[in-house]
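*Asks:* For reference, the file my_file-v6.tsv (TSV, C-alpha atoms (C1' of nucleotides)) is included below:
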chain	number	residue	atom	x	y	z
A	1	MET	CA	65.15	124.57	98.25
A	2	GLU	CA	65.11	123.89	94.65
A	3	SER	CA	66.40	121.43	92.17
A	4	THR	CA	69.42	123.51	91.16
A	5	ASP	CA	70.53	123.85	94.75
A	6	ARG	CA	70.22	120.14	95.31
A	7	GLN	CA	72.26	119.55	92.20
A	8	ILE	CA	74.96	121.85	93.53
A	9	LEU	CA	74.97	120.03	96.86
A	10	ALA	CA	75.41	116.73	95.06
A	11	LEU	CA	78.24	118.11	92.95
A	12	LEU	CA	80.13	119.56	95.90
A	13	SER	CA	79.60	116.42	97.95
A	14	ALA	CA	81.23	114.42	95.21
A	15	ASP	CA	84.00	116.92	94.52
A	16	GLY	CA	84.53	119.54	97.15
A	17	ARG	CA	87.12	121.36	95.06
A	18	MET	CA	84.96	121.78	91.98
A	19	SER	CA	85.30	125.28	90.54
A	20	TYR	CA	82.36	127.67	90.34
A	21	THR	CA	82.87	127.72	86.61
A	22	ASP	CA	82.36	123.96	86.39
A	23	ILE	CA	79.41	124.07	88.76
A	24	GLY	CA	77.92	126.69	86.49
A	25	LYS	CA	78.47	124.55	83.41
A	26	ALA	CA	76.91	121.53	85.09
A	27	THR	CA	73.85	123.41	86.26
A	28	GLY	CA	73.33	125.84	83.43
A	29	LEU	CA	74.28	128.89	85.47
A	30	SER	CA	76.91	131.54	84.96
A	31	THR	CA	80.00	131.36	87.13
A	32	SER	CA	78.88	134.16	89.39
A	33	ALA	CA	75.37	132.82	89.75
A	34	ALA	CA	76.81	129.47	90.73
A	35	GLN	CA	79.09	131.12	93.24
A	36	GLN	CA	76.18	133.05	94.73
A	37	ARG	CA	74.15	129.87	95.14
A	38	VAL	CA	77.03	128.16	96.87
A	39	ARG	CA	77.55	131.10	99.19
A	40	ARG	CA	73.89	131.03	100.12
A	41	LEU	CA	73.99	127.31	100.77
A	42	GLU	CA	76.92	127.94	103.08
A	43	GLN	CA	75.21	130.82	104.85
A	44	ARG	CA	72.01	128.86	105.32
A	45	GLY	CA	74.02	126.12	106.95
A	46	LEU	CA	73.35	123.45	104.37
A	47	ILE	CA	77.02	123.26	103.56
A	48	THR	CA	78.94	123.14	106.83
A	49	GLY	CA	82.43	122.89	105.41
A	50	TYR	CA	84.83	121.32	102.96
A	51	HIS	CA	87.28	118.62	103.91
A	52	ALA	CA	89.91	116.41	102.37
A	53	SER	CA	89.22	112.75	103.08
A	54	LEU	CA	92.29	110.94	104.29
A	55	SER	CA	92.93	107.24	104.09
A	56	ALA	CA	93.27	105.79	107.56
A	57	GLU	CA	94.96	102.76	106.01
A	58	ALA	CA	97.55	104.84	104.21
A	59	LEU	CA	98.13	106.77	107.42
A	60	GLY	CA	98.95	103.53	109.18
A	61	HIS	CA	95.65	102.98	111.00
A	62	PRO	CA	94.00	100.08	109.20
A	63	LEU	CA	92.06	98.79	112.19
A	64	THR	CA	88.63	100.32	112.78
A	65	ALA	CA	86.37	99.52	115.70
A	66	PHE	CA	83.28	100.71	117.48
A	67	VAL	CA	83.57	101.11	121.20
A	68	GLU	CA	80.46	101.49	123.32
A	69	THR	CA	81.30	103.11	126.60
A	70	LYS	CA	79.51	103.66	129.86
A	71	ALA	CA	80.81	105.53	132.88
A	72	PHE	CA	81.15	103.48	136.05
A	73	ASP	CA	79.71	106.44	137.90
A	74	PRO	CA	76.95	108.26	135.97
A	75	ALA	CA	78.17	111.53	137.49
A	76	ASP	CA	81.34	111.27	135.42
A	77	ASP	CA	79.38	111.04	132.25
A	78	ASP	CA	79.75	114.66	131.20
A	79	LYS	CA	83.52	114.71	131.46
A	80	ALA	CA	83.69	111.61	129.35
A	81	ALA	CA	83.12	113.40	126.07
A	82	ARG	CA	86.08	115.64	126.70
A	83	LEU	CA	88.30	112.77	127.72
A	84	LEU	CA	87.33	110.81	124.64
A	85	GLU	CA	87.94	113.84	122.47
A	86	ALA	CA	91.45	114.09	123.85
A	87	MET	CA	92.29	110.65	122.46
A	88	PRO	CA	93.47	111.03	118.88
A	89	GLU	CA	92.46	107.49	117.97
A	90	VAL	CA	88.83	108.41	118.55
A	91	VAL	CA	87.62	109.84	115.26
A	92	SER	CA	83.89	110.04	115.93
A	93	CYS	CA	81.85	110.26	119.12
A	94	TRP	CA	78.13	110.05	119.67
A	95	SER	CA	75.94	110.11	122.77
A	96	VAL	CA	73.27	107.50	122.45
A	97	ALA	CA	70.05	106.41	124.05
A	98	GLY	CA	70.01	102.93	125.45
A	99	ASP	CA	72.48	100.96	127.43
A	100	ALA	CA	75.70	102.74	126.52
A	101	SER	CA	76.41	106.41	127.15
A	102	TYR	CA	78.71	106.94	124.20
A	103	VAL	CA	79.55	105.18	121.02
A	104	VAL	CA	82.89	106.06	119.52
A	105	LEU	CA	84.58	105.03	116.32
A	106	VAL	CA	88.31	104.46	116.66
A	107	GLN	CA	91.11	104.02	114.13
A	108	VAL	CA	94.28	102.28	115.26
A	109	ALA	CA	97.33	100.54	113.85
A	110	ASN	CA	96.73	97.07	115.26
A	111	THR	CA	95.14	95.07	118.00
A	112	ALA	CA	97.88	95.94	120.47
A	113	GLU	CA	97.10	99.62	120.04
A	114	LEU	CA	93.41	98.90	120.37
A	115	ASP	CA	94.10	97.10	123.59
A	116	ALA	CA	96.10	100.05	124.90
A	117	LEU	CA	93.36	102.47	123.91
A	118	LEU	CA	90.67	100.45	125.67
A	119	SER	CA	92.80	100.38	128.80
A	120	ARG	CA	93.08	104.12	128.64
A	121	ILE	CA	89.34	104.52	128.25
A	122	ARG	CA	88.72	102.30	131.22
A	123	GLY	CA	91.46	103.86	133.32
A	124	GLN	CA	91.29	107.55	132.44
A	125	ALA	CA	87.69	107.98	131.57
A	126	LYS	CA	86.52	105.37	134.07
A	127	MET	CA	84.22	103.73	131.60
A	128	ASP	CA	83.24	100.20	130.74
A	129	THR	CA	83.80	99.31	127.13
A	130	THR	CA	82.21	96.98	124.63
A	131	THR	CA	84.18	96.73	121.43
A	132	THR	CA	83.06	95.69	117.96
A	133	VAL	CA	85.78	95.31	115.35
A	134	VAL	CA	84.97	96.52	111.84
A	135	LEU	CA	85.73	94.02	109.08
A	136	THR	CA	84.82	96.12	106.07
A	137	THR	CA	83.74	99.70	105.61
A	138	HIS	CA	81.28	99.44	102.73
A	139	PHE	CA	80.61	103.16	102.54
A	140	ARG	CA	80.84	106.11	104.83
A	141	ASP	CA	79.17	109.49	105.02
A	142	ARG	CA	77.40	108.90	101.80
A	143	THR	CA	75.41	111.97	101.09
A	144	LEU	CA	71.72	112.16	100.97
A	145	VAL	CA	70.74	114.83	98.52
A	146	ALA	CA	67.42	113.66	97.28
A	147	PRO	CA	65.15	114.45	100.18
A	148	SER	CA	63.07	117.22	101.53
A	149	ASP	CA	63.14	120.97	101.08
A	150	ALA	CA	64.46	123.64	103.38
B	1	MET	CA	106.20	111.05	105.32
B	2	GLU	CA	107.43	114.20	106.76
B	3	SER	CA	106.27	117.02	108.91
B	4	THR	CA	105.38	119.32	106.02
B	5	ASP	CA	103.19	116.67	104.46
B	6	ARG	CA	101.40	116.07	107.71
B	7	GLN	CA	100.84	119.79	108.01
B	8	ILE	CA	99.33	119.88	104.55
B	9	LEU	CA	97.04	116.97	105.41
B	10	ALA	CA	95.89	118.81	108.51
B	11	LEU	CA	95.26	122.00	106.54
B	12	LEU	CA	93.27	120.28	103.82
B	13	SER	CA	91.30	118.27	106.34
B	14	ALA	CA	90.26	121.48	108.00
B	15	ASP	CA	89.62	123.38	104.76
B	16	GLY	CA	89.34	121.26	101.66
B	17	ARG	CA	89.14	124.30	99.41
B	18	MET	CA	92.31	125.96	100.62
B	19	SER	CA	94.36	127.32	97.72
B	20	TYR	CA	97.85	126.07	96.97
B	21	THR	CA	99.07	129.59	97.49
B	22	ASP	CA	97.70	129.64	101.03
B	23	ILE	CA	99.00	126.16	101.73
B	24	GLY	CA	102.37	127.39	100.59
B	25	LYS	CA	102.21	130.40	102.88
B	26	ALA	CA	101.23	128.25	105.83
B	27	THR	CA	103.98	125.73	105.27
B	28	GLY	CA	106.78	127.92	104.01
B	29	LEU	CA	106.66	126.51	100.49
B	30	SER	CA	106.16	128.16	97.15
B	31	THR	CA	102.80	127.76	95.45
B	32	SER	CA	104.13	125.22	93.00
B	33	ALA	CA	105.97	123.24	95.63
B	34	ALA	CA	102.79	123.10	97.69
B	35	GLN	CA	100.82	121.99	94.69
B	36	GLN	CA	103.34	119.26	93.96
B	37	ARG	CA	103.15	117.97	97.52
B	38	VAL	CA	99.39	117.84	97.39
B	39	ARG	CA	99.45	116.01	94.10
B	40	ARG	CA	101.81	113.43	95.53
B	41	LEU	CA	99.66	112.98	98.60
B	42	GLU	CA	96.74	112.33	96.28
B	43	GLN	CA	98.68	109.92	94.10
B	44	ARG	CA	100.00	108.02	97.09
B	45	GLY	CA	96.45	107.57	98.27
B	46	LEU	CA	96.76	109.55	101.47
B	47	ILE	CA	94.19	112.02	100.23
B	48	THR	CA	91.27	110.06	98.81
B	49	GLY	CA	89.05	112.96	97.85
B	50	TYR	CA	87.50	116.28	98.72
B	51	HIS	CA	83.92	116.63	99.86
B	52	ALA	CA	81.50	119.26	101.02
B	53	SER	CA	79.97	118.36	104.38
B	54	LEU	CA	76.24	118.80	104.42
B	55	SER	CA	74.07	119.35	107.45
B	56	ALA	CA	71.63	116.48	107.84
B	57	GLU	CA	69.55	118.71	110.13
B	58	ALA	CA	69.34	121.50	107.58
B	59	LEU	CA	68.43	118.93	104.97
B	60	GLY	CA	65.49	117.82	107.08
B	61	HIS	CA	66.98	114.67	108.59
B	62	PRO	CA	67.64	115.52	112.21
B	63	LEU	CA	67.26	112.00	113.56
B	64	THR	CA	70.38	109.83	113.55
B	65	ALA	CA	70.50	106.21	114.61
B	66	PHE	CA	72.69	103.16	114.52
B	67	VAL	CA	71.08	100.00	113.27
B	68	GLU	CA	72.77	96.68	113.83
B	69	THR	CA	71.49	94.13	111.38
B	70	LYS	CA	71.75	90.40	110.99
B	71	ALA	CA	70.34	88.34	108.18
B	72	PHE	CA	67.76	85.74	109.18
B	73	ASP	CA	69.50	83.38	106.83
B	74	PRO	CA	73.29	83.73	106.77
B	75	ALA	CA	73.25	82.89	103.07
B	76	ASP	CA	71.55	86.21	102.37
B	77	ASP	CA	74.32	88.08	104.05
B	78	ASP	CA	76.18	89.10	100.92
B	79	LYS	CA	73.19	90.63	99.22
B	80	ALA	CA	72.50	92.65	102.30
B	81	ALA	CA	75.18	95.25	101.65
B	82	ARG	CA	73.66	96.03	98.28
B	83	LEU	CA	70.14	96.23	99.66
B	84	LEU	CA	71.29	98.55	102.41
B	85	GLU	CA	73.17	100.68	99.93
B	86	ALA	CA	69.99	101.11	97.93
B	87	MET	CA	68.32	102.81	100.89
B	88	PRO	CA	69.09	106.52	100.79
B	89	GLU	CA	68.61	106.93	104.54
B	90	VAL	CA	71.60	104.68	105.14
B	91	VAL	CA	74.61	106.97	105.07
B	92	SER	CA	77.29	104.61	106.36
B	93	CYS	CA	77.61	100.84	106.37
B	94	TRP	CA	80.16	98.61	108.04
B	95	SER	CA	80.54	94.82	108.27
B	96	VAL	CA	81.50	93.90	111.77
B	97	ALA	CA	82.80	90.99	113.76
B	98	GLY	CA	80.58	89.83	116.57
B	99	ASP	CA	76.91	89.30	116.85
B	100	ALA	CA	75.65	91.59	114.10
B	101	SER	CA	76.55	91.26	110.43
B	102	TYR	CA	76.30	94.94	109.59
B	103	VAL	CA	76.18	98.19	111.45
B	104	VAL	CA	74.66	101.07	109.55
B	105	LEU	CA	74.23	104.71	110.39
B	106	VAL	CA	70.94	106.18	109.25
B	107	GLN	CA	69.64	109.75	108.94
B	108	VAL	CA	65.89	110.28	108.90
B	109	ALA	CA	63.31	113.00	109.42
B	110	ASN	CA	61.55	111.55	112.46
B	111	THR	CA	60.65	108.41	114.32
B	112	ALA	CA	57.92	107.51	111.87
B	113	GLU	CA	60.43	107.46	109.06
B	114	LEU	CA	62.80	105.44	111.19
B	115	ASP	CA	60.04	102.95	111.82
B	116	ALA	CA	59.33	102.69	108.11
B	117	LEU	CA	63.00	102.21	107.34
B	118	LEU	CA	63.38	99.45	109.91
B	119	SER	CA	60.38	97.68	108.42
B	120	ARG	CA	62.00	97.87	105.03
B	121	ILE	CA	65.25	96.45	106.37
B	122	ARG	CA	63.40	93.59	107.98
B	123	GLY	CA	61.12	92.99	105.01
B	124	GLN	CA	63.38	93.60	102.02
B	125	ALA	CA	66.75	92.65	103.34
B	126	LYS	CA	65.35	89.97	105.63
B	127	MET	CA	67.39	91.10	108.56
B	128	ASP	CA	66.86	91.46	112.26
B	129	THR	CA	67.52	94.93	113.54
B	130	THR	CA	68.73	96.43	116.79
B	131	THR	CA	68.44	100.19	116.83
B	132	THR	CA	70.29	102.74	118.93
B	133	VAL	CA	69.12	106.32	118.65
B	134	VAL	CA	71.80	109.01	118.66
B	135	LEU	CA	71.21	111.86	121.10
B	136	THR	CA	74.19	114.04	120.26
B	137	THR	CA	76.92	113.86	117.68
B	138	HIS	CA	79.91	115.23	119.55
B	139	PHE	CA	82.24	115.00	116.58
B	140	ARG	CA	82.50	113.02	113.43
B	141	ASP	CA	85.33	112.01	111.13
B	142	ARG	CA	87.77	114.03	113.06
B	143	THR	CA	91.07	113.60	111.37
B	144	LEU	CA	94.05	111.94	112.78
B	145	VAL	CA	97.13	113.59	111.40
B	146	ALA	CA	99.63	113.08	114.10
B	147	PRO	CA	100.51	109.45	113.69
B	148	SER	CA	102.91	107.24	111.87
B	149	ASP	CA	104.85	107.60	108.65
B	150	ALA	CA	104.13	106.13	105.24
C	1	DC	C1'	70.65	135.98	87.24
C	2	DC	C1'	73.84	138.00	83.87
C	3	DT	C1'	78.07	140.74	81.91
C	4	DG	C1'	82.69	142.27	82.09
C	5	DA	C1'	87.16	143.42	83.68
C	6	DA	C1'	90.92	143.26	87.34
C	7	DA	C1'	93.10	140.44	90.57
C	8	DA	C1'	94.23	136.05	92.23
C	9	DC	C1'	95.12	131.47	91.29
C	10	DA	C1'	96.35	126.98	88.83
C	11	DC	C1'	99.44	124.51	86.47
C	12	DA	C1'	102.93	123.20	83.00
C	13	DT	C1'	107.66	123.84	81.87
C	14	DG	C1'	112.34	124.78	82.72
C	15	DT	C1'	116.13	125.38	86.03
C	16	DC	C1'	118.86	124.59	89.91
C	17	DA	C1'	120.58	122.20	93.96
D	1	DT	C1'	114.17	114.01	94.22
D	2	DG	C1'	112.43	118.31	95.92
D	3	DA	C1'	112.07	123.38	95.61
D	4	DC	C1'	111.50	127.28	93.00
D	5	DA	C1'	110.69	131.03	88.94
D	6	DT	C1'	108.24	132.26	85.20
D	7	DG	C1'	104.57	132.35	81.75
D	8	DT	C1'	99.95	131.26	80.11
D	9	DG	C1'	95.32	130.17	80.70
D	10	DT	C1'	91.51	129.87	84.30
D	11	DT	C1'	89.09	131.09	88.03
D	12	DT	C1'	87.59	134.19	91.39
D	13	DT	C1'	85.72	138.30	92.73
D	14	DC	C1'	83.43	142.59	92.51
D	15	DA	C1'	81.68	146.21	89.90
D	16	DG	C1'	77.75	147.04	87.50
D	17	DG	C1'	72.86	146.21	85.19
Could you show the structure in this file as structure tokens?

*Replies:*
Amino acid sequence: MESTDRQILALLSADGRMSYTDIGKATGLSTSAAQQRVRRLEQRGLITGYHASLSAEALGHPLTAFVETKAFDPADDDKAARLLEAMPEVVSCWSVAGDASYVVLVQVANTAELDALLSRIRGQAKMDTTTTVVLTTHFRDRTLVAPSDA
Amino acid sequence: MESTDRQILALLSADGRMSYTDIGKATGLSTSAAQQRVRRLEQRGLITGYHASLSAEALGHPLTAFVETKAFDPADDDKAARLLEAMPEVVSCWSVAGDASYVVLVQVANTAELDALLSRIRGQAKMDTTTTVVLTTHFRDRTLVAPSDA
DNA sequence: CCTGAAAACACATGTCA
DNA sequence: TGACATGTGTTTTCAGG
């Protein structure tokens, strides 16, 4: 991958609705050349999609927390991902090495809702939980577009 | 906020490059009405931006990990956010309540790079680290567009 | 990677309820 | 205030080279 492509990735990370014309202007390409590059970046899987970022605060979910979970019975561990996915408050979900099975990031309205969610995780998913409340989100999903080639 | 607006948020979360014409078709609005709604959602801060999602794997950073950090000296805690932000491997950074000061999500090429990064965090930022390697990312930044009004 | 032209789209303005 | 119609300028898209 080359410098122009990396530049395009940086531009589209910053503004996912940028027009091909503007991408062309910024990179010294014609509109159609820019479009072709973008299409190739999509096809090669470097760009996986475009998304509007929504404000959890403005949507009424100002409270963010990490919840580490661990199934009481290790046999239930596989179902857990699906159960967690079914909970709308759970916005991200990772399997991790180490003590916990899953780490999830949740967005809720207040502590009462957090409490209710944790009960549901314990009850439905039969998992132990360890919760860490987020005080400030300094940055999120910042994009790394300096590094290696592809 | 009303049902149409929530629908628009869901559409733009799923496809951030959707045209106003298509949004209109999907919601039963005219192109210009759809455009107006979107503009208002942006102005009211519900939509904070549009971004291309890049594949960390395709970019050569297949290894994801959480790093909990805590400054040796609590007085250094404020500087830490800036130091962490200066490290390109750190893609997300949260301040948290509890034992750690910060939780960061990092994306690196391999364990050697992770090792080097942790050394830098300890050395530069003067922080203790506790690292949890991610095995699978089940989903990330899934959007919550059912909930409350605004 | 570029040119060029047709189709689709964006967006401002004006109108109506 | 919210939806829509229309007109103008852009952008997209698909020929071609």

*Asks:* Show me the residues close to (86.7, 114.0, 126.1) - anything with an atom within 12 Å, counting only C-alpha atoms (C1' of nucleotides) - and format the list as JSON, numbers by chain.

*Replies:* {"A": [76, 77, 78, 79, 80, 81, 82, 83, 84, 85, 86, 87, 88, 89, 90, 91, 92, 93, 94, 95, 102, 104, 121, 124, 125, 126, 127], "B": [138, 139]}

*Asks:* Set the distance at 12 Å and use all atoms listed in the file: which residues neighbour DT6 in chain D once local chain neighbours fewer than 6 positions away are removed? I'd like the list as a list in words.

*Replies:*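 Contacts, with the query itself left out: Ser32 of chain B; DC11, DA12, DT13, DG14 and DT15 of chain C.
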
*Asks:* With C-alpha atoms (C1' of nucleotides) retained, write the just-selected residues as an mmCIF file, in the coordinates of the input.

*Replies:*
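Written output follows (selection-v7.cif):
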data_model
loop_
_atom_site.group_PDB
_atom_site.id
_atom_site.type_symbol
_atom_site.label_atom_id
_atom_site.label_comp_id
_atom_site.auth_asym_id
_atom_site.auth_seq_id
_atom_site.Cartn_x
_atom_site.Cartn_y
_atom_site.Cartn_z
ATOM 1 C CA SER B 32 104.130 125.220 93.000
ATOM 2 C "C1'" DC C 11 99.440 124.510 86.470
ATOM 3 C "C1'" DA C 12 102.930 123.200 83.000
ATOM 4 C "C1'" DT C 13 107.660 123.840 81.870
ATOM 5 C "C1'" DG C 14 112.340 124.780 82.720
ATOM 6 C "C1'" DT C 15 116.130 125.380 86.030
#

*Asks:* Can you superpose chain B onto chain A by least squares over all C-alpha atoms paired in order and give the moved copy as a compact mmCIF listing (two decimals) with C-alpha atoms, keeping the file's coordinate frame?

*Replies:*
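Resulting contents of superposed03.txt:
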# COMPACT_ATOMS: atom_id res chain seq x y z
CA MET B 1 65.17 124.60 98.22
CA GLU B 2 65.10 123.86 94.62
CA SER B 3 66.41 121.36 92.18
CA THR B 4 69.42 123.43 91.14
CA ASP B 5 70.52 123.81 94.73
CA ARG B 6 70.22 120.12 95.34
CA GLN B 7 72.29 119.51 92.24
CA ILE B 8 74.97 121.83 93.53
CA LEU B 9 74.99 120.04 96.88
CA ALA B 10 75.42 116.73 95.10
CA LEU B 11 78.26 118.10 92.97
CA LEU B 12 80.14 119.58 95.91
CA SER B 13 79.62 116.47 97.98
CA ALA B 14 81.23 114.45 95.25
CA ASP B 15 84.01 116.95 94.53
CA GLY B 16 84.55 119.59 97.17
CA ARG B 17 87.11 121.41 95.05
CA MET B 18 84.94 121.82 91.99
CA SER B 19 85.24 125.32 90.53
CA TYR B 20 82.29 127.67 90.30
CA THR B 21 82.79 127.72 86.57
CA ASP B 22 82.36 123.96 86.37
CA ILE B 23 79.41 124.03 88.73
CA GLY B 24 77.88 126.61 86.46
CA LYS B 25 78.45 124.46 83.39
CA ALA B 26 76.93 121.44 85.08
CA THR B 27 73.86 123.30 86.25
CA GLY B 28 73.28 125.69 83.40
CA LEU B 29 74.21 128.76 85.43
CA SER B 30 76.80 131.42 84.89
CA THR B 31 79.93 131.33 87.03
CA SER B 32 78.75 134.17 89.21
CA ALA B 33 75.27 132.77 89.62
CA ALA B 34 76.77 129.45 90.66
CA GLN B 35 79.04 131.17 93.11
CA GLN B 36 76.12 133.06 94.59
CA ARG B 37 74.13 129.87 95.06
CA VAL B 38 77.02 128.20 96.80
CA ARG B 39 77.51 131.15 99.08
CA ARG B 40 73.86 131.07 100.05
CA LEU B 41 73.99 127.36 100.71
CA GLU B 42 76.92 128.02 103.01
CA GLN B 43 75.22 130.91 104.77
CA ARG B 44 72.03 128.95 105.25
CA GLY B 45 74.04 126.23 106.91
CA LEU B 46 73.37 123.52 104.36
CA ILE B 47 77.05 123.34 103.54
CA THR B 48 78.98 123.24 106.81
CA GLY B 49 82.47 122.97 105.40
CA TYR B 50 84.87 121.40 102.95
CA HIS B 51 87.30 118.68 103.93
CA ALA B 52 89.91 116.46 102.40
CA SER B 53 89.23 112.79 103.13
CA LEU B 54 92.29 110.97 104.32
CA SER B 55 92.92 107.26 104.12
CA ALA B 56 93.27 105.82 107.60
CA GLU B 57 94.95 102.77 106.04
CA ALA B 58 97.53 104.86 104.21
CA LEU B 59 98.13 106.77 107.41
CA GLY B 60 98.96 103.53 109.20
CA HIS B 61 95.68 102.98 111.02
CA PRO B 62 94.02 100.09 109.23
CA LEU B 63 92.07 98.80 112.20
CA THR B 64 88.64 100.34 112.79
CA ALA B 65 86.38 99.53 115.70
CA PHE B 66 83.29 100.72 117.48
CA VAL B 67 83.57 101.11 121.21
CA GLU B 68 80.45 101.49 123.29
CA THR B 69 81.28 103.09 126.60
CA LYS B 70 79.48 103.63 129.85
CA ALA B 71 80.79 105.47 132.86
CA PHE B 72 81.11 103.41 136.03
CA ASP B 73 79.66 106.35 137.86
CA PRO B 74 76.94 108.20 135.96
CA ALA B 75 78.15 111.45 137.49
CA ASP B 76 81.33 111.19 135.44
CA ASP B 77 79.37 111.00 132.26
CA ASP B 78 79.76 114.62 131.23
CA LYS B 79 83.51 114.66 131.51
CA ALA B 80 83.68 111.58 129.38
CA ALA B 81 83.13 113.37 126.09
CA ARG B 82 86.11 115.60 126.76
CA LEU B 83 88.33 112.70 127.79
CA LEU B 84 87.36 110.79 124.68
CA GLU B 85 87.99 113.82 122.52
CA ALA B 86 91.49 114.06 123.92
CA MET B 87 92.32 110.62 122.51
CA PRO B 88 93.53 111.01 118.94
CA GLU B 89 92.49 107.47 117.99
CA VAL B 90 88.86 108.41 118.57
CA VAL B 91 87.66 109.86 115.29
CA SER B 92 83.93 110.05 115.96
CA CYS B 93 81.89 110.27 119.14
CA TRP B 94 78.16 110.06 119.67
CA SER B 95 75.97 110.12 122.80
CA VAL B 96 73.30 107.51 122.46
CA ALA B 97 70.07 106.44 124.05
CA GLY B 98 70.02 102.94 125.43
CA ASP B 99 72.48 100.96 127.39
CA ALA B 100 75.71 102.73 126.49
CA SER B 101 76.43 106.39 127.17
CA TYR B 102 78.72 106.93 124.22
CA VAL B 103 79.56 105.18 121.01
CA VAL B 104 82.91 106.07 119.52
CA LEU B 105 84.61 105.05 116.33
CA VAL B 106 88.32 104.46 116.67
CA GLN B 107 91.15 104.04 114.14
CA VAL B 108 94.30 102.28 115.28
CA ALA B 109 97.35 100.54 113.87
CA ASN B 110 96.72 97.05 115.26
CA THR B 111 95.13 95.05 118.01
CA ALA B 112 97.85 95.93 120.48
CA GLU B 113 97.10 99.59 120.05
CA LEU B 114 93.41 98.89 120.37
CA ASP B 115 94.08 97.07 123.61
CA ALA B 116 96.09 100.00 124.92
CA LEU B 117 93.37 102.43 123.94
CA LEU B 118 90.67 100.41 125.67
CA SER B 119 92.78 100.33 128.82
CA ARG B 120 93.07 104.07 128.67
CA ILE B 121 89.32 104.47 128.26
CA ARG B 122 88.70 102.23 131.23
CA GLY B 123 91.44 103.77 133.35
CA GLN B 124 91.27 107.46 132.48
CA ALA B 125 87.66 107.93 131.61
CA LYS B 126 86.49 105.30 134.08
CA MET B 127 84.20 103.67 131.60
CA ASP B 128 83.20 100.16 130.73
CA THR B 129 83.79 99.28 127.13
CA THR B 130 82.18 96.97 124.61
CA THR B 131 84.17 96.72 121.41
CA THR B 132 83.05 95.71 117.94
CA VAL B 133 85.77 95.32 115.34
CA VAL B 134 84.98 96.54 111.83
CA LEU B 135 85.74 94.05 109.06
CA THR B 136 84.83 96.17 106.05
CA THR B 137 83.75 99.74 105.59
CA HIS B 138 81.30 99.49 102.72
CA PHE B 139 80.67 103.22 102.56
CA ARG B 140 80.88 106.15 104.85
CA ASP B 141 79.20 109.54 105.02
CA ARG B 142 77.46 108.96 101.80
CA THR B 143 75.44 112.03 101.13
CA LEU B 144 71.75 112.24 101.03
CA VAL B 145 70.75 114.89 98.56
CA ALA B 146 67.43 113.72 97.38
CA PRO B 147 65.21 114.57 100.29
CA SER B 148 63.09 117.36 101.59
CA ASP B 149 63.15 121.10 101.13
CA ALA B 150 64.47 123.79 103.45

*Asks:* Do you know which residues are at most 9 Å from DT11 in chain D counting only C-alpha atoms (C1' of nucleotides), after dropping those on the same chain fewer than 6 positions away, and could you put them as a PyMOL selection string?

*Replies:* (chain A and resi 19-21) or (chain C and resi 8-10)

*Asks:* Please, which residues of chain D lie no more than 12 Å from chain A when the count uses all atoms listed in the file, and can they be set out as a list in words?

*Replies:* DT10, DT11, DT12, DT13 and DC14 of chain D

*Asks:* In Å to one decimal, how far is CA of Ile23 in chain B from CA of Ala10 in chain B?

*Replies:*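 Distance reported for this atom pair: 10.5 Å.
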
*Asks:* Pull the closest atom pair for each residue of chain C that gets at most 10 Å from chain A, along with the distance in Å to one decimal, counting all atoms listed in the file, ordering rows by chain and then ascending residue number, as CSV.

*Replies:*
residue,atom,partner,partner_atom,distance
C:DC1,C1',A:Ala33,CA,6.2
C:DC2,C1',A:Ser30,CA,7.2
C:DT3,C1',A:Ser30,CA,9.8

*Asks:* Tell me, as a list in words, which residues lie within 6 Å of range 56-68 of chain B, counting all atoms listed in the file; anything in the same chain fewer than 2 positions away does not count.

*Replies:*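 Skipping anything fewer than 2 positions along the chain leaves Leu46 of chain A; Ala100, Tyr102, Val103, Val104, Leu105, Val106, Gln107, Val108, Ala109, Asn110, Thr129, Thr130, Thr131, Thr132, Val133 and Val134 of chain B.
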
*Asks:* Restricting the calculation to all atoms listed in the file: of B:Arg120, B:His51, B:Arg6, B:Lys70, which residue gets closest to chain A?

*Replies:*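 The shortest atom-to-atom distance to chain A comes from B:His51.
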
*Asks:* Each side padded by 5 Å, which centre and which edge lengths in Å (one decimal) define the axis-aligned box around the listed atoms of range 63-71 of chain B? Give them as JSON.

*Replies:*
{"center_x": 70.0, "center_y": 100.2, "center_z": 111.4, "size_x": 15.5, "size_y": 33.7, "size_z": 16.4}

*Asks:* Quick check, in Å to one decimal: how far apart do CA of Arg140 in chain B and CA of Ile47 in chain A lie?

*Replies:*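 Computed distance, CA of Arg140 in chain B to CA of Ile47 in chain A, equals 15.2 Å.
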
*Asks:* Hey, which of B:Arg40, B:Lys25, B:Arg142, B:Arg122 ends up closest to DG2 in chain D? Count only C-alpha atoms (C1' of nucleotides).

*Replies:*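 Comparing B:Arg40, B:Lys25, B:Arg142, B:Arg122 against DG2 in chain D, the winner is B:Arg40.
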
*Asks:* Neighbouring residues of Asp5 in chain B were defined as those with any atom within 10 Å, considering all atoms listed in the file; residues of the same chain fewer than 2 positions away were excluded. Please report them as an NGL selection string.

*Replies:* :B and (1-3 or 7-11 or 27 or 34 or 37-38 or 40-41 or 145)

*Asks:* Measuring atom to atom with all atoms listed in the file, identify which of A:Ala71, A:Glu113, A:Ala97, A:Gly24 is nearest to chain B.

*Replies:*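 Answer, going by the shortest atom-to-atom distance: A:Ala97.
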
*Asks:* So the first atom is CA of Leu54 in chain A and the second is CA of Ala14 in chain B; what is the distance between them in Å, to one decimal place?

*Replies:*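 A separation of 11.4 Å between them.
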
*Asks:* Rank nothing, just name the residue among A:Leu144, A:Ala75, A:Leu118, A:Ala26 nearest to chain B, using all atoms listed in the file.

*Replies:* A:Leu144
